[in-house]
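Remarks on the structure that follows.
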Amino acid sequence: GCEWFPKHIKDLDICAKRVIMYGAGLDADHPGFKDQDYRRRRLMFAEVAMEHKHGEAIPRIEYTESERKTWGVIYRKLRELHKKYACQEFLDNFELLERHCGYSENNVPQLEDISKFLRAKTGFRVRPVAGYLSARDFLAGLAYRVFFCTQYVRHHADPFYTPEPDTVHELMGHMALFADPDFAQFSHEIGLASLGASEDDLNKLATLYFFSIEFGLSCDSHTDTIDTTGKENHKKQPYKVYGAGLLSSAGELQHAIEGEPTVLRFDPDRVVQQECLITTFQTAYFYTRNFEEAQQKLRMFTNNM
Ligand SMILES: Cc1ccccc1-c1ccccc1CNc1cnc(-c2ccc(C[C@H](N)C(=O)O)cc2)cn1
Ligand SMILES: [Fe+3]
């Protein structure tokens, strides 16, 4: 039948409750699976997310010593890697988050503060979610410039890669670029195209989202560095990173830049053929010259859907 979709931003209250793969990573091999304290903690975060209604302030969380320690370990490692590999738009906006939203290695920022900051910049806002949503519900949020964010912290057992999104992923990976107008517009248009889309088109849009917003590379202007002898050394660092799934995972970020994976041009007709791996590193990544180019290619693709 014809799929329901949200007609008003308030309807996202319905989408936000339809959590699937509850505690996605918490299947038997997940380090958090056997940790009863961790599972209890996750239930508290789920309740906060389920009780949230559009228009209400997002409850502030008092993070535990263990969560703050995990955050600090990851923050220090990621900031080193961001300086080397993250695209300029990300770096510029991340500095604003440090200045205006309490981002630091000793403090887990609060979604409410970030939402206010983003609304002033690009009209984006965030809202808590208890875990995975279907691609349809998740992308519908983008149509209203709303980003569903987890608020729980990954288990301390493996800080540098987790198979499920957590608040470290959202805060260290996603938030900065939603302050960039071109990136915000690109994200918004993926969301708009998803409303009422057929199952087939929806999956294509989710895959385009996956290999851009989650795992996208941009090829900065090639930076030839002149070494101290003045000799042109052609060690080009061809790619920068804008995908949140890379910017929040020290392990996969190094794999994507140093591990010499397959890197293809972000051409939607090719991207939609690529399988999305959701519990391991990707085997291929896609690069765009910049967000305007990605935007144009997305429009060409959605106009012909
Ligand atoms: C397969 C699926 C299930 C549920 C909802 C949507 C989908 C779906 C459908 C089509 C295309 C892609 C997808 C999956 N989308 C996504 C999006 N993001 C992730 C994901 C992103 C970040 C992280 C954390 C990161 N590895 C880290 O360690 O920081 C972990 C998982 C994983 N899957
Ligand atoms: Fe994500």
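Quick note on naming: the chains in the structure tokens go A, B, ... in the order shown, residues restart at 1 in each chain, and ligands are numbered from 1 in order of appearance.
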
Next on the checklist: Hey, which residues sit close to ligand 1? Say within 8 Å, counting only C-alpha atoms and all ligand atoms, and write them as an MDAnalysis selection string.
Outcome noted: chainID A and resid 20:21 132:136 138 159:166 168:169 173 203:210 214 244:252 276:281

Item to check | In segment 53-250 of chain A, DSSP helix (DSSP H, G or I) residues written as a count of residues only | outcome: 102

Next on the checklist: Using only C-alpha atoms for the distances, tell me which of A:Asn304, A:Ser194, A:Gln151, A:Gln296 is nearest to Pro59 of chain A.
Outcome noted: A:Gln151

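Near Leu142 of chain A, within 8 Å and counting only C-alpha atoms, sit Phe138, Leu139, Ala140, Tyr144, Arg145, Val146, Phe147, Ser187, His188, Glu189, Ile190, Gly191 and Leu192 of chain A, not including residues fewer than 2 positions from it in the same chain.
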
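Take the candidates A:Glu62, A:Asp92, A:Glu98, A:Glu258 and check each one against Arg41 of chain A using only C-alpha atoms; the shortest distance goes to A:Glu62.
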
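The space between atom CA of Ala120 of chain A and atom CA of Phe178 of chain A spans 11.0 Å.
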
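The shortest atom-to-atom distance to ligand 2, with only C-alpha atoms and all ligand atoms taken into account, belongs to A:Phe148 out of A:Phe148, A:Trp71, A:Phe286, A:Phe301.
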
Next on the checklist: If DSSP is run on the backbone, what residues of segment 15-217 of chain A are strand (DSSP E)? A reply as a count of residues only would be ideal.
Outcome noted: 9

Checklist entry - Between A:Ala46, A:Val272, A:Val73, A:Val108, which one has atoms that come closest to Ile61 of chain A, using only C-alpha atoms? => result A:Val108

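Shortest atom-to-atom contact with ligand 2 among A:Tyr285, A:Phe45, A:Phe211, A:Tyr239: A:Phe211, counting only C-alpha atoms and all ligand atoms.
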
Item to check | Distance criterion (only C-alpha atoms and all ligand atoms): nearest to ligand 2 out of A:Lys116, A:Arg76, A:His52, A:His174 | outcome: A:His174

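Reported to one decimal place, the separation of atom CA of Met300 of chain A from atom CA of Val263 of chain A is 21.8 Å.
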
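The spacing separating atom CA of Asp137 of chain A from atom CA of Pro6 of chain A amounts to 8.8 Å.
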
Checklist entry - Hey, what's within 9 Å of Glu292 of chain A if we count only C-alpha atoms and toss same-chain stuff fewer than 2 positions away? As a PyMOL selection string, please? => result chain A and resi 182-183+186+289-290+294-297

Just-selected residues, all heavy atoms written as a compact mmCIF listing (two decimals), in the first residue's frame:
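Output saved as selection_23.txt:
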# COMPACT_ATOMS: atom_id res chain seq x y z
N ASP A 182 26.21 23.84 2.84
CA ASP A 182 26.14 22.96 1.67
C ASP A 182 25.88 21.51 2.09
O ASP A 182 25.08 20.81 1.47
CB ASP A 182 27.45 23.04 0.86
CG ASP A 182 27.63 24.41 0.24
OD1 ASP A 182 26.61 24.97 -0.25
OD2 ASP A 182 28.75 24.94 0.28
N PHE A 183 26.55 21.10 3.17
CA PHE A 183 26.35 19.73 3.65
C PHE A 183 24.92 19.58 4.16
O PHE A 183 24.26 18.57 3.91
CB PHE A 183 27.36 19.42 4.77
CG PHE A 183 27.25 18.04 5.32
CD1 PHE A 183 27.95 16.98 4.75
CD2 PHE A 183 26.43 17.77 6.42
CE1 PHE A 183 27.84 15.69 5.26
CE2 PHE A 183 26.31 16.49 6.93
CZ PHE A 183 27.02 15.44 6.36
N PHE A 186 22.55 19.24 1.23
CA PHE A 186 22.68 17.89 0.64
C PHE A 186 21.90 16.88 1.47
O PHE A 186 21.11 16.09 0.95
CB PHE A 186 24.16 17.52 0.57
CG PHE A 186 24.45 16.12 0.11
CD1 PHE A 186 24.38 15.78 -1.24
CD2 PHE A 186 24.80 15.13 1.02
CE1 PHE A 186 24.64 14.49 -1.67
CE2 PHE A 186 25.07 13.84 0.60
CZ PHE A 186 24.99 13.51 -0.74
N ARG A 289 34.42 15.76 -5.16
CA ARG A 289 35.34 16.90 -5.09
C ARG A 289 34.90 17.82 -3.95
O ARG A 289 35.73 18.32 -3.18
CB ARG A 289 35.37 17.67 -6.41
CG ARG A 289 35.89 16.84 -7.58
CD ARG A 289 36.10 17.69 -8.81
NE ARG A 289 37.28 18.56 -8.68
CZ ARG A 289 38.53 18.10 -8.76
NH1 ARG A 289 38.74 16.81 -8.94
NH2 ARG A 289 39.54 18.93 -8.61
N ASN A 290 33.58 18.03 -3.84
CA ASN A 290 33.08 18.91 -2.76
C ASN A 290 31.58 18.67 -2.62
O ASN A 290 31.00 17.89 -3.38
CB ASN A 290 33.36 20.38 -3.12
CG ASN A 290 32.84 20.70 -4.51
OD1 ASN A 290 31.71 20.36 -4.85
ND2 ASN A 290 33.69 21.30 -5.34
N ALA A 294 28.50 16.85 -5.04
CA ALA A 294 27.66 15.75 -4.55
C ALA A 294 26.19 16.12 -4.67
O ALA A 294 25.34 15.31 -5.05
CB ALA A 294 28.03 15.44 -3.10
N GLN A 295 25.91 17.39 -4.37
CA GLN A 295 24.55 17.92 -4.45
C GLN A 295 24.01 17.82 -5.88
O GLN A 295 22.90 17.33 -6.10
CB GLN A 295 24.61 19.38 -4.00
CG GLN A 295 23.33 20.16 -4.06
CD GLN A 295 22.37 19.68 -3.01
OE1 GLN A 295 21.59 18.76 -3.28
NE2 GLN A 295 22.45 20.26 -1.84
N GLN A 296 24.81 18.27 -6.84
CA GLN A 296 24.37 18.24 -8.25
C GLN A 296 24.11 16.80 -8.69
O GLN A 296 23.08 16.50 -9.31
CB GLN A 296 25.43 18.86 -9.16
CG GLN A 296 25.50 20.38 -9.11
CD GLN A 296 26.91 20.91 -9.41
OE1 GLN A 296 27.76 20.16 -9.90
NE2 GLN A 296 27.15 22.17 -9.08
N LYS A 297 25.02 15.91 -8.32
CA LYS A 297 24.87 14.51 -8.75
C LYS A 297 23.64 13.88 -8.10
O LYS A 297 22.91 13.11 -8.72
CB LYS A 297 26.12 13.71 -8.40
CG LYS A 297 27.31 14.12 -9.26
CD LYS A 297 28.47 13.19 -9.06
CE LYS A 297 29.59 13.50 -10.05
NZ LYS A 297 30.80 12.69 -9.76
